[in-house]
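The data block below is model.cif; it holds mmCIF, C-alpha atoms.
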data_model
loop_
_atom_site.label_atom_id
_atom_site.label_comp_id
_atom_site.auth_asym_id
_atom_site.auth_seq_id
_atom_site.Cartn_x
_atom_site.Cartn_y
_atom_site.Cartn_z
CA MET A 158 -12.06 -45.44 8.56
CA LYS A 159 -8.55 -44.13 8.11
CA LEU A 160 -8.17 -40.96 6.09
CA LYS A 161 -4.99 -39.53 4.64
CA VAL A 162 -4.98 -35.73 4.75
CA THR A 163 -2.36 -33.80 2.77
CA LEU A 164 -1.25 -30.44 4.13
CA PHE A 165 -0.04 -27.35 2.31
CA GLY A 166 1.42 -23.97 3.19
CA ILE A 167 0.78 -22.80 6.72
CA THR A 168 -1.23 -25.92 7.64
CA ARG A 169 1.88 -28.02 6.90
CA GLU A 170 3.91 -25.78 9.21
CA ILE A 171 1.27 -25.85 11.97
CA VAL A 172 1.07 -29.64 11.98
CA GLY A 173 4.81 -30.08 11.35
CA GLN A 174 4.42 -32.65 8.58
CA SER A 175 3.11 -32.76 5.02
CA ALA A 176 0.44 -35.43 5.59
CA LEU A 177 -1.63 -36.85 8.44
CA GLU A 178 -3.48 -40.09 8.96
CA VAL A 179 -6.78 -39.49 10.74
CA ALA A 180 -9.02 -42.20 12.19
CA LEU A 181 -12.74 -41.33 12.08
CA PRO A 182 -15.95 -43.39 12.30
CA ASP A 183 -17.29 -44.35 8.85
CA ASP A 184 -19.49 -41.86 7.00
CA GLN A 185 -18.23 -38.76 8.81
CA SER A 186 -18.45 -35.40 7.08
CA VAL A 187 -15.89 -32.78 6.11
CA ALA A 188 -17.13 -30.64 9.05
CA GLU A 189 -16.50 -33.51 11.48
CA LEU A 190 -12.99 -34.03 10.12
CA MET A 191 -12.24 -30.31 10.54
CA SER A 192 -13.58 -30.21 14.08
CA GLN A 193 -11.35 -33.15 15.04
CA LEU A 194 -8.30 -31.53 13.43
CA ARG A 195 -9.02 -28.17 15.09
CA SER A 196 -9.19 -29.75 18.52
CA GLN A 197 -5.92 -31.59 17.83
CA TYR A 198 -4.18 -28.55 16.31
CA PRO A 199 -5.83 -25.42 17.78
CA ALA A 200 -3.64 -23.12 15.64
CA LEU A 201 -5.68 -24.22 12.61
CA GLY A 202 -8.55 -22.23 14.14
CA THR A 203 -6.56 -18.98 13.95
CA LEU A 204 -6.40 -19.01 10.14
CA SER A 205 -8.51 -16.58 8.07
CA SER A 206 -10.13 -19.66 6.57
CA CYS A 207 -9.36 -23.30 5.95
CA ALA A 208 -11.17 -25.17 3.21
CA VAL A 209 -11.06 -28.90 2.59
CA ALA A 210 -10.50 -30.41 -0.83
CA VAL A 211 -11.78 -33.85 -1.73
CA ASN A 212 -10.52 -35.40 -4.96
CA ASN A 213 -9.19 -32.05 -6.22
CA GLU A 214 -12.44 -30.10 -5.73
CA TYR A 215 -13.51 -27.76 -2.92
CA ALA A 216 -15.79 -29.78 -0.63
CA SER A 217 -18.91 -28.60 1.21
CA PRO A 218 -18.94 -29.16 5.00
CA GLU A 219 -21.76 -31.71 4.62
CA LEU A 220 -19.88 -33.95 2.17
CA ARG A 221 -19.43 -37.52 3.54
CA LEU A 222 -15.88 -38.81 3.39
CA ARG A 223 -14.73 -42.22 2.21
CA GLU A 224 -11.55 -44.06 3.02
CA HIS A 225 -9.78 -43.65 -0.32
CA ASP A 226 -10.72 -40.03 -0.96
CA GLU A 227 -7.83 -37.70 -1.76
CA ILE A 228 -8.21 -35.14 1.04
CA ALA A 229 -6.24 -31.93 1.55
CA LEU A 230 -6.42 -28.89 3.80
CA ILE A 231 -6.56 -25.66 1.80
CA PRO A 232 -5.52 -22.58 3.79
CA PRO A 233 -6.18 -19.17 2.15
CA VAL A 234 -4.67 -19.31 -1.34
CA SER A 235 -2.28 -16.59 -2.50
CA GLY A 236 -1.15 -17.42 -6.01
CA GLY A 237 -0.65 -14.90 -8.76
CA MET B 165 -6.01 -24.28 -23.51
CA HIS B 166 -2.51 -24.59 -22.16
CA LEU B 167 -2.15 -24.83 -18.35
CA GLU B 168 1.12 -25.41 -16.58
CA ILE B 169 2.75 -25.15 -13.16
CA THR B 170 6.50 -25.18 -13.38
CA ASP B 171 9.57 -24.91 -11.19
CA GLN B 172 11.53 -23.47 -14.14
CA PRO B 173 11.74 -19.80 -15.21
CA ILE B 174 8.78 -18.81 -17.41
CA ASP B 175 9.49 -17.82 -21.02
CA VAL B 176 6.88 -15.11 -21.59
CA ALA B 177 7.29 -15.12 -25.38
CA ALA B 178 6.74 -18.88 -25.47
CA VAL B 179 3.44 -18.46 -23.58
CA LEU B 180 2.31 -15.87 -26.15
CA THR B 181 2.91 -18.32 -28.98
CA ARG B 182 0.54 -20.76 -27.21
CA VAL B 183 -2.40 -18.45 -27.93
CA GLU B 184 -1.62 -17.66 -31.56
CA ASP B 185 -4.73 -18.12 -33.65
CA ALA B 186 -5.55 -17.13 -37.21
CA GLY B 187 -8.99 -15.93 -36.08
CA ALA B 188 -7.62 -13.64 -33.38
CA GLY B 189 -6.95 -9.96 -33.89
CA ALA B 190 -5.97 -9.45 -30.25
CA VAL B 191 -3.62 -11.16 -27.85
CA ASN B 192 -3.70 -9.90 -24.27
CA ALA B 193 -1.27 -11.00 -21.59
CA PHE B 194 -0.85 -10.37 -17.88
CA VAL B 195 2.60 -10.91 -16.41
CA GLY B 196 2.84 -11.08 -12.62
CA THR B 197 6.30 -10.37 -11.20
CA VAL B 198 7.88 -10.40 -7.74
CA ARG B 199 8.12 -6.94 -6.22
CA ASN B 200 10.56 -5.78 -3.57
CA GLN B 201 8.13 -4.73 -0.86
CA SER B 202 4.85 -5.79 0.72
CA THR B 203 2.82 -3.81 3.29
CA GLY B 204 5.87 -1.65 3.91
CA ARG B 205 8.33 -4.51 4.50
CA ARG B 206 11.26 -5.18 2.21
CA VAL B 207 10.81 -8.53 0.47
CA VAL B 208 13.98 -10.55 -0.15
CA ARG B 209 12.44 -13.47 -2.03
CA LEU B 210 9.20 -15.46 -2.39
CA HIS B 211 8.44 -19.13 -2.04
CA TYR B 212 5.48 -20.53 -3.98
CA GLU B 213 4.01 -23.89 -3.01
CA SER B 214 1.44 -25.63 -5.20
CA TYR B 215 -1.03 -28.49 -4.88
CA ASP B 216 -0.45 -29.24 -8.55
CA SER B 217 -3.25 -31.67 -9.40
CA MET B 218 -5.93 -29.47 -7.81
CA ALA B 219 -4.39 -26.24 -9.07
CA LEU B 220 -4.55 -27.54 -12.65
CA ARG B 221 -8.13 -28.73 -12.15
CA GLN B 222 -9.19 -25.34 -10.75
CA LEU B 223 -7.35 -23.48 -13.52
CA GLN B 224 -9.26 -25.56 -16.02
CA HIS B 225 -12.54 -24.51 -14.34
CA VAL B 226 -11.47 -20.84 -14.46
CA VAL B 227 -10.63 -20.96 -18.16
CA GLU B 228 -13.88 -22.83 -18.90
CA GLN B 229 -15.80 -20.08 -17.07
CA ALA B 230 -13.98 -17.47 -19.16
CA GLN B 231 -14.87 -19.42 -22.29
CA GLU B 232 -18.56 -19.34 -21.26
CA LYS B 233 -18.48 -15.60 -20.53
CA TRP B 234 -16.55 -14.76 -23.71
CA PRO B 235 -17.49 -17.47 -26.23
CA MET B 236 -15.45 -15.68 -28.90
CA MET B 237 -12.23 -16.42 -26.97
CA ARG B 238 -9.96 -18.42 -29.27
CA GLN B 239 -7.06 -19.61 -27.07
CA ALA B 240 -5.98 -19.26 -23.45
CA ALA B 241 -2.76 -20.11 -21.65
CA VAL B 242 -1.83 -19.90 -17.98
CA VAL B 243 1.64 -20.71 -16.66
CA HIS B 244 2.40 -20.34 -12.94
CA ARG B 245 5.79 -20.68 -11.33
CA LYS B 246 6.48 -22.54 -8.08
CA GLY B 247 9.54 -22.79 -5.87
CA THR B 248 11.83 -19.93 -4.82
CA LEU B 249 11.70 -16.66 -6.79
CA GLY B 250 13.79 -13.50 -6.58
CA ILE B 251 12.80 -9.87 -7.08
CA GLY B 252 11.72 -9.25 -10.68
CA ASP B 253 11.15 -12.91 -11.50
CA VAL B 254 7.99 -13.80 -13.42
CA ALA B 255 5.52 -15.62 -11.15
CA VAL B 256 2.57 -16.02 -13.51
CA VAL B 257 1.60 -15.38 -17.12
CA VAL B 258 -1.99 -15.35 -18.40
CA ALA B 259 -2.52 -14.94 -22.15
CA VAL B 260 -5.70 -15.00 -24.20
CA SER B 261 -6.55 -14.40 -27.83
CA THR B 262 -9.86 -13.07 -29.13
CA PRO B 263 -11.10 -11.54 -32.41
CA HIS B 264 -11.18 -7.98 -30.96
CA ARG B 265 -9.30 -6.27 -28.14
CA ALA B 266 -12.07 -5.46 -25.63
CA GLU B 267 -12.83 -9.10 -24.90
CA SER B 268 -9.13 -9.96 -24.62
CA PHE B 269 -8.64 -7.42 -21.80
CA ALA B 270 -11.79 -8.59 -19.99
CA ALA B 271 -11.11 -12.32 -20.28
CA CYS B 272 -7.47 -11.94 -19.23
CA GLN B 273 -8.45 -9.90 -16.15
CA PHE B 274 -11.17 -12.40 -15.22
CA ILE B 275 -8.71 -15.29 -15.41
CA ILE B 276 -6.01 -13.69 -13.23
CA ASP B 277 -8.55 -12.32 -10.70
CA THR B 278 -10.30 -15.69 -10.34
CA LEU B 279 -6.99 -17.59 -10.26
CA LYS B 280 -6.04 -15.56 -7.19
CA GLN B 281 -9.26 -16.60 -5.43
CA VAL B 282 -9.43 -20.33 -6.15
CA VAL B 283 -6.20 -21.84 -7.45
CA THR B 284 -4.32 -23.86 -4.82
CA ILE B 285 -1.01 -22.04 -4.81
CA TRP B 286 0.47 -20.44 -1.70
CA LYS B 287 2.99 -17.62 -1.41
CA LYS B 288 5.39 -17.17 1.47
CA GLU B 289 7.09 -13.78 1.59
CA GLU B 290 10.57 -13.76 3.03
CA TYR B 291 11.80 -10.51 4.58
CA GLU B 292 15.17 -9.55 6.02
CA ASP B 293 13.83 -10.45 9.48
CA GLY B 294 11.32 -13.26 9.02
CA SER B 295 8.69 -14.69 6.71
CA VAL B 296 4.89 -14.82 6.40
CA TRP B 297 2.37 -16.97 4.49
CA VAL B 298 0.36 -14.32 2.64
CA ALA B 299 -3.32 -13.98 3.70
CA ALA B 300 -3.12 -16.88 6.15
CA HIS B 301 -4.25 -14.87 9.17
CA PRO B 302 -6.95 -12.19 9.50
#
Can the structure from this file be put into structure tokens for me?
Amino acid sequence: MKLKVTLFGITREIVGQSALEVALPDDQSVAELMSQLRSQYPALGTLSSCAVAVNNEYASPELRLREHDEIALIPPVSGG
Amino acid sequence: MHLEITDQPIDVAAVLTRVEDAGAGAVNAFVGTVRNQSTGRRVVRLHYESYDSMALRQLQHVVEQAQEKWPMMRQAAVVHRKGTLGIGDVAVVVAVSTPHRAESFAACQFIIDTLKQVVTIWKKEEYEDGSVWVAAHP
């Protein structure tokens, strides 16, 4: 499956673009997506944390991804 | 509830009118502004970036949690700025109305504290000699 991953803040600067297309086998989890992205962009591993959002909610690492999910990387938030 | 993320200057008085309620004897507001220093470095300006659709969804969760904790809460409004801000600019306004004052302080503090933990907005501090995404690294 092909996933579109939107990037914000420091993750956008690390990757150098505001969105990525990632090819993964069907039925992979959030944790598997993150491990692929960390091996491709090792600087992601230096962040204090990096959550994944699926369809505008924080996703657990076990959540299975589907092709049309709205996926985003969420580095540590700092609003307010 | 009124929730908004805007790239325009925030009118604090207009946010207060959003929480007017005939059953409220207290309106409490928190106004977050841009200060001129951070961890000893002089801040020149701030850049806020937002994942709007998720930020609004999470703000809605935060206000719903406040409503559960303080069922007497009458109205709540949260307006957060995005884009480039200068020193003294208003970055966020939280306002709530309740029948009595104690709950208005508590609910307002809960909303701003929880916003800072979960709402998908990122702040980049720009100094005279560089810039840093706040909290990104340990």
d(CA of Ala180 in chain A, CA of Asn213 in chain A) in Å: 21.0 Å
I would like the residues chosen by the PyMOL selection byres ((chain A and resi 234-237) around 9) on the shown file; could you give them as an NGL selection string? (:A and (166 or 231-233)) or (:B and (196-197 or 212-214 or 244 or 255-257 or 276-277 or 279-288 or 297-300))
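Here the question is which of A:Leu222, A:Val162, A:Ala210, A:Ile171 gets nearest to chain B using only C-alpha atoms, and that residue is A:Ala210.
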Please measure the separation of CA of Ala177 in chain B and CA of Met237 in chain B, giving the value in Å to one decimal.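 Going from CA of Ala177 in chain B over to CA of Met237 in chain B, I get 19.6 Å.
Minimum atom-to-atom distance to Lys233 in chain B, evaluated using all atoms listed in the file, belongs to B:Phe274 out of B:Phe194, B:Tyr291, B:Phe274, B:Tyr215.
Taking CA of Ile275 in chain B and CA of Val258 in chain B as the two end points, the separation is 7.4 Å.
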Neighbours of chain B in chain A at 12 Å, counting only C-alpha atoms, as number ranges by chain: A: 163-171, 175, 200-215, 227-237
